[in-house]
$ cat model.cif   # mmCIF, C-alpha atoms and all ligand atoms
data_final
loop_
_atom_site.label_atom_id
_atom_site.label_comp_id
_atom_site.auth_asym_id
_atom_site.auth_seq_id
_atom_site.Cartn_x
_atom_site.Cartn_y
_atom_site.Cartn_z
CA MET A 1 0.00 0.00 0.00
CA ALA A 2 1.51 3.36 -1.09
CA THR A 3 2.08 5.48 2.01
CA GLY A 4 3.51 8.71 0.65
CA THR A 5 1.68 11.99 0.26
CA VAL A 6 -0.16 13.19 -2.84
CA VAL A 7 0.64 16.89 -3.33
CA ILE A 8 -1.66 18.90 -5.62
CA VAL A 9 -0.33 22.39 -6.35
CA GLY A 10 -3.45 24.24 -7.46
CA GLY A 11 -5.76 21.72 -5.74
CA THR A 12 -8.20 24.16 -4.09
CA GLN A 13 -10.48 24.21 -7.15
CA GLY A 14 -10.96 23.00 -10.73
CA GLN A 15 -9.21 19.91 -12.11
CA GLY A 16 -6.64 19.88 -9.31
CA ARG A 17 -9.44 19.72 -6.76
CA GLU A 18 -11.14 16.86 -8.59
CA LEU A 19 -7.88 14.91 -8.46
CA ALA A 20 -7.44 15.72 -4.76
CA GLN A 21 -10.97 14.53 -4.03
CA SER A 22 -10.42 11.20 -5.78
CA TYR A 23 -7.17 10.52 -3.87
CA ALA A 24 -8.75 11.58 -0.58
CA ASP A 25 -11.68 9.23 -1.29
CA ASP A 26 -9.08 6.46 -1.74
CA GLY A 27 -7.83 7.18 1.78
CA ARG A 28 -4.60 8.85 0.67
CA ASP A 29 -2.69 11.55 2.55
CA VAL A 30 -3.32 14.65 0.41
CA VAL A 31 -1.94 18.20 0.40
CA VAL A 32 -3.77 20.86 -1.65
CA THR A 33 -2.22 24.27 -2.26
CA GLY A 34 -3.50 27.65 -3.43
CA ARG A 35 -2.45 31.30 -3.01
CA ASP A 36 -4.16 31.77 0.36
CA GLN A 37 -3.56 29.67 3.52
CA ALA A 38 -7.07 30.01 4.95
CA ARG A 39 -8.70 29.24 1.59
CA ALA A 40 -6.44 26.21 1.11
CA GLN A 41 -7.32 24.90 4.57
CA ALA A 42 -11.01 25.48 3.90
CA ALA A 43 -10.78 23.54 0.63
CA ALA A 44 -8.91 20.75 2.46
CA GLY A 45 -11.68 20.60 5.05
CA GLU A 46 -14.32 20.33 2.33
CA ILE A 47 -12.37 17.56 0.53
CA GLY A 48 -12.14 15.66 3.82
CA GLY A 49 -10.16 12.56 4.80
CA SER A 50 -6.53 13.27 5.73
CA THR A 51 -6.27 16.35 3.51
CA ARG A 52 -4.44 19.51 4.53
CA GLY A 53 -4.05 22.89 2.87
CA ILE A 54 -0.98 25.04 2.30
CA GLY A 55 -1.03 28.60 0.94
CA PHE A 56 1.75 30.02 -1.22
CA ASP A 57 2.04 32.10 -4.39
CA LEU A 58 3.93 30.33 -7.22
CA ALA A 59 4.70 33.77 -8.68
CA GLU A 60 6.92 34.34 -5.61
CA PRO A 61 9.23 31.32 -6.01
CA HIS A 62 11.80 32.25 -3.32
CA ALA A 63 9.25 31.47 -0.59
CA ILE A 64 8.00 28.12 -1.96
CA ALA A 65 10.54 25.80 -0.26
CA ASP A 66 9.70 27.09 3.22
CA HIS A 67 5.98 26.51 2.62
CA LEU A 68 6.61 22.90 1.53
CA ALA A 69 9.10 22.13 4.31
CA GLU A 70 6.56 20.16 6.40
CA VAL A 71 5.54 17.82 3.55
CA GLY A 72 6.81 14.24 4.03
CA ASP A 73 7.65 11.63 1.40
CA VAL A 74 5.81 12.31 -1.86
CA ASP A 75 4.26 9.58 -4.02
CA HIS A 76 2.54 11.87 -6.52
CA LEU A 77 3.10 15.56 -7.25
CA VAL A 78 0.59 17.38 -9.47
CA LEU A 79 1.19 20.92 -10.73
CA ALA A 80 -2.15 22.28 -11.92
CA ALA A 81 -2.11 25.89 -10.70
CA ILE A 82 -2.95 28.65 -13.18
CA GLU A 83 -3.66 32.36 -12.98
CA ARG A 84 -5.10 33.28 -16.36
CA ASP A 85 -3.83 36.34 -18.20
CA VAL A 86 -5.31 37.74 -21.42
CA ASN A 87 -2.42 39.01 -23.45
CA ASN A 88 -1.48 39.72 -27.05
CA VAL A 89 1.58 41.16 -28.77
CA HIS A 90 -0.24 44.32 -29.94
CA GLU A 91 -1.19 45.48 -26.40
CA TYR A 92 1.42 43.46 -24.51
CA ASP A 93 1.00 43.50 -20.70
CA ILE A 94 4.55 42.87 -19.41
CA ASP A 95 3.63 42.56 -15.73
CA ALA A 96 0.85 40.04 -16.39
CA ALA A 97 3.18 38.05 -18.62
CA LEU A 98 5.99 38.09 -16.04
CA ARG A 99 3.57 36.76 -13.41
CA LEU A 100 2.27 33.89 -15.53
CA VAL A 101 5.69 32.89 -16.88
CA THR A 102 7.13 32.98 -13.34
CA LEU A 103 4.16 31.02 -11.93
CA LYS A 104 4.06 28.26 -14.57
CA LEU A 105 7.72 27.80 -15.45
CA VAL A 106 9.83 29.02 -12.48
CA GLY A 107 7.28 28.37 -9.70
CA TYR A 108 6.50 24.85 -10.95
CA THR A 109 10.22 24.03 -11.24
CA GLU A 110 10.98 25.42 -7.77
CA ALA A 111 8.15 23.38 -6.22
CA ILE A 112 9.66 20.28 -7.86
CA HIS A 113 13.14 21.32 -6.69
CA ALA A 114 11.89 21.78 -3.11
CA LEU A 115 10.27 18.33 -3.08
CA THR A 116 12.95 16.41 -5.01
CA PRO A 117 14.60 15.05 -1.81
CA ARG A 118 11.20 13.57 -0.87
CA LEU A 119 10.55 11.84 -4.21
CA GLY A 120 11.23 8.08 -4.51
CA ASP A 121 11.92 5.84 -7.51
CA GLU A 122 8.21 4.97 -7.70
CA SER A 123 7.08 8.60 -7.42
CA SER A 124 5.46 10.49 -10.28
CA ILE A 125 5.02 14.11 -11.33
CA LEU A 126 2.14 15.38 -13.50
CA ILE A 127 2.36 18.88 -14.98
CA PHE A 128 -0.65 20.64 -16.50
CA GLY A 129 -0.19 22.59 -19.72
CA GLY A 130 -3.00 23.14 -22.20
CA LEU A 131 -3.98 22.68 -25.82
CA ALA A 132 -3.51 26.41 -26.39
CA ARG A 133 0.10 25.29 -26.82
CA ASP A 134 -0.84 24.15 -30.34
CA ARG A 135 -4.06 26.11 -30.86
CA PRO A 136 -3.68 29.75 -29.79
CA TYR A 137 -6.87 31.71 -29.16
CA PRO A 138 -7.28 35.49 -29.00
CA GLY A 139 -5.49 36.66 -25.83
CA SER A 140 -3.44 33.46 -25.35
CA THR A 141 0.01 34.84 -26.18
CA THR A 142 1.47 34.07 -22.75
CA VAL A 143 -0.68 30.99 -22.08
CA THR A 144 0.37 29.44 -25.42
CA THR A 145 4.02 30.27 -24.68
CA VAL A 146 4.10 28.77 -21.18
CA ASN A 147 2.21 25.66 -22.29
CA GLY A 148 4.95 25.09 -24.85
CA GLY A 149 7.44 25.58 -22.04
CA VAL A 150 5.71 22.85 -20.02
CA THR A 151 6.54 20.33 -22.75
CA SER A 152 10.22 21.29 -22.67
CA LEU A 153 10.23 21.22 -18.86
CA VAL A 154 9.08 17.59 -18.99
CA ASN A 155 11.84 16.84 -21.52
CA THR A 156 14.57 17.98 -19.16
CA LEU A 157 13.03 16.60 -15.95
CA VAL A 158 12.74 13.05 -17.33
CA THR A 159 16.53 12.92 -17.55
CA GLU A 160 17.29 14.95 -14.40
CA LEU A 161 14.89 13.03 -12.11
CA ALA A 162 14.98 9.48 -13.63
CA PRO A 163 13.52 7.03 -12.65
CA THR A 164 10.78 9.30 -11.29
CA ARG A 165 7.95 9.35 -13.89
CA ILE A 166 7.23 12.78 -15.37
CA ASN A 167 4.21 13.50 -17.55
CA ALA A 168 2.35 16.52 -18.85
CA VAL A 169 -1.31 16.76 -19.76
CA HIS A 170 -2.58 19.38 -22.22
CA PRO A 171 -6.35 19.57 -21.79
CA ALA A 172 -8.69 21.24 -24.22
CA ILE A 173 -11.42 23.43 -22.70
CA VAL A 174 -12.72 21.97 -19.44
CA GLY A 175 -15.70 23.69 -17.86
CA ASP A 176 -16.20 27.26 -19.08
CA SER A 177 -12.62 28.56 -19.04
CA PRO A 178 -10.63 28.95 -22.33
CA GLN A 179 -7.07 27.58 -22.17
N1 LIG B 1 -10.02 24.63 -17.43
C1 LIG B 1 -9.65 24.51 -18.69
O1 LIG B 1 -10.43 24.65 -19.63
C2 LIG B 1 -8.23 24.15 -19.02
C3 LIG B 1 -7.90 23.86 -20.34
C4 LIG B 1 -6.57 23.57 -20.65
C5 LIG B 1 -5.61 23.54 -19.66
N2 LIG B 1 -5.97 23.79 -18.38
C6 LIG B 1 -4.92 23.73 -17.38
O2 LIG B 1 -5.38 22.86 -16.35
C7 LIG B 1 -4.89 23.33 -15.08
C8 LIG B 1 -6.09 23.46 -14.13
O3 LIG B 1 -6.98 24.41 -14.68
P1 LIG B 1 -8.39 24.71 -13.97
O4 LIG B 1 -9.23 25.48 -14.92
O5 LIG B 1 -8.93 23.45 -13.37
O6 LIG B 1 -7.87 25.68 -12.78
P2 LIG B 1 -8.70 26.70 -11.86
O7 LIG B 1 -10.05 26.13 -11.58
O8 LIG B 1 -8.60 28.07 -12.43
O9 LIG B 1 -7.85 26.63 -10.50
C9 LIG B 1 -6.58 27.23 -10.46
C10 LIG B 1 -5.84 26.74 -9.23
O10 LIG B 1 -4.57 27.39 -9.20
C11 LIG B 1 -4.37 28.03 -7.95
N3 LIG B 1 -3.59 29.25 -8.20
C12 LIG B 1 -3.95 30.30 -8.98
N4 LIG B 1 -2.98 31.25 -8.99
C13 LIG B 1 -1.98 30.76 -8.20
C14 LIG B 1 -0.71 31.28 -7.80
N5 LIG B 1 -0.29 32.48 -8.19
N6 LIG B 1 0.05 30.53 -6.97
C15 LIG B 1 -0.39 29.31 -6.51
N7 LIG B 1 -1.58 28.76 -6.85
C16 LIG B 1 -2.37 29.49 -7.68
C17 LIG B 1 -5.79 28.33 -7.46
O11 LIG B 1 -5.79 28.42 -6.06
P3 LIG B 1 -6.47 29.66 -5.27
O12 LIG B 1 -7.53 30.26 -6.15
O13 LIG B 1 -6.99 29.00 -4.04
O14 LIG B 1 -5.34 30.58 -5.01
C18 LIG B 1 -6.54 27.07 -7.92
O15 LIG B 1 -6.33 26.00 -7.02
C19 LIG B 1 -4.19 24.67 -15.34
O16 LIG B 1 -2.79 24.48 -15.31
C20 LIG B 1 -4.65 25.07 -16.73
O17 LIG B 1 -3.61 25.76 -17.41
C21 LIG B 1 -7.24 24.11 -18.02
#

$ encode --input "model.cif" --output "structure tokens" --more "lines below"
Ligand SMILES: NC(=O)c1ccc[n+]([C@@H]2O[C@H](COP(=O)([O-])OP(=O)(O)OC[C@H]3O[C@@H](n4cnc5c(N)ncnc54)[C@H](OP(=O)(O)O)[C@@H]3O)[C@@H](O)[C@H]2O)c1
Amino acid sequence: MATGTVVIVGGTQGQGRELAQSYADDGRDVVVTGRDQARAQAAAGEIGGSTRGIGFDLAEPHAIADHLAEVGDVDHLVLAAIERDVNNVHEYDIDAALRLVTLKLVGYTEAIHALTPRLGDESSILIFGGLARDRPYPGSTTVTTVNGGVTSLVNTLVTELAPTRINAVHPAIVGDSPQ
């Protein structure tokens, strides 16, 4: 019986939350994270079982390791967090782009870095990108760019963290949010 923790970064709502709920229903030790501590703990309480919440902002990567310091051995790490920006090259919003690029590419990598010592050979990492990688939509300049970056991040992690399994998933539209 797997005993390690399932960590879902971006597990307070949406697809991350659905995954957290299914693992909690299986009796697993689950950690869900979001930007706000109280909101993450509230979501954990609603999910139930042995679920706990941790609040940290992926767009502030220097603080991530301290927030994850209490997490034990990790069986599965899911990176699903997203803060959507609407951006295009004609009216380019630099600050919004910096936040999303930092969140998805640097924040995700730092969360993995912080938890690497607690990953085992049987552990796995799942990283969420999105089909906007291949099919841009109006306003998806940064989203399309970072989703492409997710693919390359997997390419380097599979060699750096072998034999830990690393996968990405690039959903199409789920619910009512374009991605
Ligand atoms: N939904 C779609 O149609 C779709 C399509 C393609 C790809 N995707 C991808 O699938 C993943 C999940 O999408 P979703 O729509 O299910 O997500 P969602 O419902 O929008 O939830 C986003 C999650 O990310 C957390 N989050 C947001 N900003 C954050 C930040 N700065 N730092 C840390 N956590 C942050 C939120 O927590 P708090 O709000 O509690 O802070 C929440 O748990 C995303 O990576 C997205 O790119 C989604």

$ residues_near_ligand --input "model.cif" --ligand "ligand LIG 1 (chain B)" --cutoff "9 Å" --atoms "all atoms listed in the file" --output "number ranges by chain"
A: 8-18, 32-37, 39-40, 43, 55-60, 79-84, 99-100, 103-104, 107, 127-132, 143, 147, 169-179

$ closest_residue --input "model.cif" --among "A:Arg135, A:Ala114, A:Thr109, A:Ile94" --to "Glu70 in chain A" --atoms "all atoms listed in the file"
A:Ala114

$ residues_near_point --input "model.cif" --point "(5.2, 11.4, -15.6)" --cutoff "8 Å" --atoms "all atoms listed in the file" --output "JSON, numbers by chain"
{"A": [124, 125, 126, 158, 164, 165, 166, 167, 168]}

$ write_last_selection --input "model.cif" --atoms "C-alpha atoms" --output "CSV table (one decimal), in the coordinates of the input"
chain,number,residue,atom,x,y,z
A,124,SER,CA,5.5,10.5,-10.3
A,125,ILE,CA,5.0,14.1,-11.3
A,126,LEU,CA,2.1,15.4,-13.5
A,158,VAL,CA,12.7,13.0,-17.3
A,164,THR,CA,10.8,9.3,-11.3
A,165,ARG,CA,8.0,9.4,-13.9
A,166,ILE,CA,7.2,12.8,-15.4
A,167,ASN,CA,4.2,13.5,-17.6
A,168,ALA,CA,2.4,16.5,-18.8

$ residues_around --input "model.cif" --residues "range 21-25 of chain A" --least-positions-apart "6" --cutoff "7 Å" --atoms "all atoms listed in the file" --output "compact mmCIF listing (two decimals) with C-alpha atoms, in the frame of the given file"
# COMPACT_ATOMS: atom_id res chain seq x y z
CA ILE A 47 -12.37 17.56 0.53
CA GLY A 48 -12.14 15.66 3.82
CA GLY A 49 -10.16 12.56 4.80
CA SER A 50 -6.53 13.27 5.73
CA THR A 51 -6.27 16.35 3.51

$ atom_distance --input "model.cif" --atom1 "CA of Val146 in chain A" --atom2 "CA of Ala111 in chain A"
16.4 Å

$ atom_distance --input "model.cif" --atom1 "CA of Leu153 in chain A" --atom2 "CA of His90 in chain A"
27.7 Å

$ atom_distance --input "model.cif" --atom1 "CA of Pro138 in chain A" --atom2 "CA of Ser152 in chain A"
23.4 Å

$ closest_residue --input "model.cif" --among "A:Gly45, A:Gly4, A:Gly149, A:Gly27" --to "Arg118 in chain A" --atoms "all atoms listed in the file"
A:Gly4

$ axis_aligned_box --input "model.cif" --around "range 122-137 of chain A" --padding-each-side "8 Å" --output "lines of an AutoDock Vina configuration file"
center_x = 0.7
center_y = 18.3
center_z = -19.1
size_x = 31.1
size_y = 42.7
size_z = 39.4

$ closest_residue --input "model.cif" --among "A:Asp134, A:Leu119, A:Ala2, A:Gly148" --to "Gly72 in chain A" --atoms "all atoms listed in the file"
A:Leu119

$ closest_residue --input "model.cif" --among "A:Glu110, A:Val154, A:Thr141, A:Arg133" --to "His62 in chain A" --atoms "only C-alpha atoms"
A:Glu110

$ closest_residue --input "model.cif" --among "A:Ile64, A:Val74, A:Val6, A:Ala38" --to "Asp121 in chain A" --atoms "only C-alpha atoms"
A:Val74
